[in-house]
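S.K.: One file is attached below, coords_13.txt, containing compact mmCIF, C-alpha atoms.
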```txt
# COMPACT_ATOMS: atom_id res chain seq x y z
CA ARG A 19 23.15 115.77 84.68
CA TRP A 20 26.16 117.22 86.42
CA ARG A 21 26.50 114.45 88.98
CA GLY A 22 28.61 111.48 87.94
CA HIS A 23 30.33 113.12 84.97
CA CYS A 24 33.78 114.65 84.74
CA ARG A 25 32.71 117.21 82.15
CA TYR A 26 29.41 118.46 80.89
CA ALA A 27 28.02 120.44 78.01
CA PRO A 28 26.14 123.45 79.42
CA ASP A 29 22.44 123.55 78.64
CA SER A 30 19.37 124.91 80.35
CA ALA A 31 18.94 121.75 82.47
CA THR A 32 22.50 121.72 83.81
CA PRO A 33 23.29 123.57 87.06
CA GLY A 34 25.72 126.40 86.40
CA HIS A 35 24.94 126.83 82.72
CA ARG A 36 24.60 130.59 83.24
CA THR A 37 28.16 130.97 84.54
CA GLY A 38 29.76 129.00 81.70
CA GLY A 39 31.58 126.84 84.22
CA LYS A 40 32.29 123.15 84.44
CA ALA A 41 31.56 120.49 87.01
CA TYR A 42 33.99 117.65 87.68
CA ALA A 43 33.22 114.47 89.61
CA ALA A 44 35.73 112.35 91.48
CA PRO A 45 38.39 111.35 90.88
CA VAL A 46 39.83 114.85 90.56
CA GLU A 47 42.50 115.77 93.08
CA VAL A 48 42.37 119.26 94.59
CA TYR A 49 45.76 120.48 95.79
CA LEU A 50 45.33 123.32 98.28
CA ASP A 51 48.76 123.03 99.92
CA ASP A 52 51.21 120.30 100.94
CA HIS A 53 49.00 119.29 103.88
CA HIS A 54 45.60 119.61 102.19
CA ILE A 55 45.13 117.46 99.11
CA PHE A 56 41.56 116.27 98.72
CA GLU A 57 39.37 114.45 96.25
CA PRO A 58 35.90 115.99 96.58
CA ASP A 59 32.87 114.14 95.25
CA VAL A 60 32.08 117.05 92.93
CA LEU A 61 33.80 120.36 92.27
CA TYR A 62 32.68 123.25 90.11
CA LEU A 63 34.75 125.92 88.40
CA LYS A 64 32.97 128.97 87.06
CA ARG A 65 36.06 130.64 85.65
CA GLN A 66 38.45 129.39 83.04
CA CYS A 67 40.80 127.04 84.87
CA VAL A 68 43.04 124.28 83.73
CA VAL A 69 42.42 120.88 85.24
CA GLY A 70 45.22 118.70 84.01
CA GLU A 71 45.86 115.03 84.70
CA LYS A 72 42.79 115.02 86.98
CA ARG A 73 44.40 117.53 89.34
CA LEU A 74 43.45 121.10 90.23
CA THR A 75 45.84 123.41 92.04
CA GLY A 76 43.97 125.98 94.10
CA ALA A 77 40.48 126.39 95.45
CA PRO A 78 37.45 125.47 93.35
CA ASP A 79 34.49 127.84 93.33
CA LEU A 80 32.14 125.14 94.69
CA VAL A 81 32.86 121.86 96.44
CA VAL A 82 30.30 119.13 97.13
CA GLU A 83 31.09 116.41 99.66
CA VAL A 84 28.70 113.47 100.10
CA LEU A 85 28.76 112.18 103.66
CA SER A 86 29.34 108.55 104.50
CA PRO A 87 29.76 107.01 107.96
CA GLY A 88 33.52 106.88 107.47
CA THR A 89 33.95 110.46 106.17
CA ALA A 90 31.27 112.56 107.89
CA LYS A 91 33.45 113.93 110.70
CA TYR A 92 36.40 114.55 108.36
CA ASP A 93 34.18 116.33 105.80
CA ARG A 94 32.58 118.51 108.49
CA GLN A 95 35.80 119.41 110.29
CA GLU A 96 39.12 118.99 108.49
CA LYS A 97 37.84 119.62 104.96
CA TYR A 98 35.53 122.40 106.13
CA ARG A 99 38.42 124.29 107.75
CA ALA A 100 40.76 123.74 104.80
CA TYR A 101 38.17 124.79 102.21
CA GLN A 102 37.37 127.90 104.23
CA HIS A 103 41.04 128.79 104.73
CA HIS A 104 41.87 128.40 101.03
CA GLY A 105 38.88 130.38 99.76
CA VAL A 106 36.38 127.88 98.40
CA GLY A 107 33.39 130.11 97.64
CA GLU A 108 30.62 127.62 98.36
CA TYR A 109 30.63 124.28 100.19
CA TRP A 110 27.76 121.80 100.09
CA ILE A 111 27.68 118.95 102.59
CA VAL A 112 25.26 116.36 101.27
CA ASP A 113 23.71 113.80 103.60
CA PRO A 114 22.29 111.01 101.42
CA VAL A 115 20.71 109.16 104.37
CA TYR A 116 18.42 112.07 105.29
CA ALA A 117 18.43 113.70 101.80
CA VAL A 118 19.67 117.02 103.21
CA ILE A 119 22.03 119.55 101.67
CA GLU A 120 23.82 121.91 104.04
CA VAL A 121 25.12 125.00 102.22
CA TRP A 122 28.00 127.20 103.38
CA THR A 123 29.18 130.32 101.54
CA LEU A 124 32.37 132.29 102.05
CA GLY A 125 31.64 135.68 103.61
CA ALA A 126 33.45 138.99 103.17
CA ASP A 127 35.50 138.16 106.27
CA GLU A 128 36.71 134.96 104.51
CA LEU A 129 34.78 132.75 106.94
CA PHE A 130 32.02 130.35 105.95
CA VAL A 131 28.49 131.52 106.70
CA ARG A 132 25.82 128.84 106.99
CA GLN A 133 23.24 129.62 104.33
CA GLY A 134 20.98 126.81 105.51
CA ALA A 135 20.10 123.14 105.44
CA TYR A 136 17.62 122.08 102.77
CA ALA A 137 15.53 118.95 102.29
CA GLY A 138 12.43 117.59 100.58
CA ASP A 139 10.84 119.95 98.09
CA GLU A 140 12.91 122.95 99.22
CA THR A 141 15.12 125.00 96.94
CA PHE A 142 18.06 127.27 97.62
CA ALA A 143 19.92 129.96 95.73
CA SER A 144 23.47 129.08 94.79
CA VAL A 145 25.60 132.19 94.44
CA THR A 146 28.26 130.23 92.58
CA LEU A 147 25.90 128.62 90.08
CA ASP A 148 23.83 131.83 89.82
CA GLU A 149 20.57 129.90 90.03
CA VAL A 150 18.06 128.22 92.29
CA VAL A 151 18.79 124.56 93.06
CA SER A 152 16.08 122.00 93.79
CA VAL A 153 16.94 119.49 96.51
CA GLN A 154 14.70 116.91 94.82
CA ALA A 155 16.60 117.36 91.55
CA VAL A 156 19.94 116.76 93.29
CA PHE A 157 18.71 113.51 94.83
CA ALA A 158 16.79 112.30 91.75
CA GLU A 159 18.28 109.25 90.10
```
Would you kindly transcribe this structure into structure tokens?
M.R.:
Amino acid sequence: RWRGHCRYAPDSATPGHRTGGKAYAAPVEVYLDDHHIFEPDVLYLKRQCVVGEKRLTGAPDLVVEVLSPGTAKYDRQEKYRAYQHHGVGEYWIVDPVYAVIEVWTLGADELFVRQGAYAGDETFASVTLDEVVSVQAVFAE
């Protein structure tokens, strides 16, 4: 699985295996600028990038933030704006209480476009991962 691991070996059961990318789970620091340094729950890089000393400089291709009562507003506002401004291609906001994944993709105008909110047995197409993602698979233990 890609959740909970810093690195993975691509195979047919791993999201993103088609793009040849890598997923990284916290703690990996993402340095966007001097005022925006975050530690997303999961980030995904589809291109060859160097992540050294658990730090990435620049925008990941995909960021996943898992909401908690203490971070929900920050994830939906401050991080959302910063990720959009710095060119994160896809942003998933995961609500574990309601088992919902809200997906935002960066449009041609460099603004996030809400792709949708998905729950239950729904699936959605991830442009970054180049595949269909099952909500149930994301929330499976």
S.K.: May I ask which of the residues A:Val106, A:Ile55, A:Ala155, A:Leu50 is the closest one to Ile119 (chain A), counting only C-alpha atoms?
M.R.: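 Checking each candidate against Ile119 (chain A), we get A:Ala155 as the closest.
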S.K.: Using only C-alpha atoms, find the one residue out of A:Ser86, A:Thr75, A:Ser152, A:Ser144 that sits nearest to Thr123 (chain A).
M.R.: A:Ser144
S.K.: Report the distance between CA of Gly134 (chain A) and CA of Leu74 (chain A) in Å, rounded to one decimal place.
M.R.: 27.8 Å
S.K.: Any idea what's packed within 6 Å of Glu47 (chain A), counting all atoms listed in the file, ignoring anything in its chain fewer than 4 positions away? Could you give it as a list of chain:residue names?
M.R.: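 The residues that qualify are A:Phe56, A:Glu57, A:Arg73.
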S.K.: Measure the distance from CA of Gly39 (chain A) to CA of Arg94 (chain A) in Å and round it to one decimal.
M.R.: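 It comes out at 25.7 Å.
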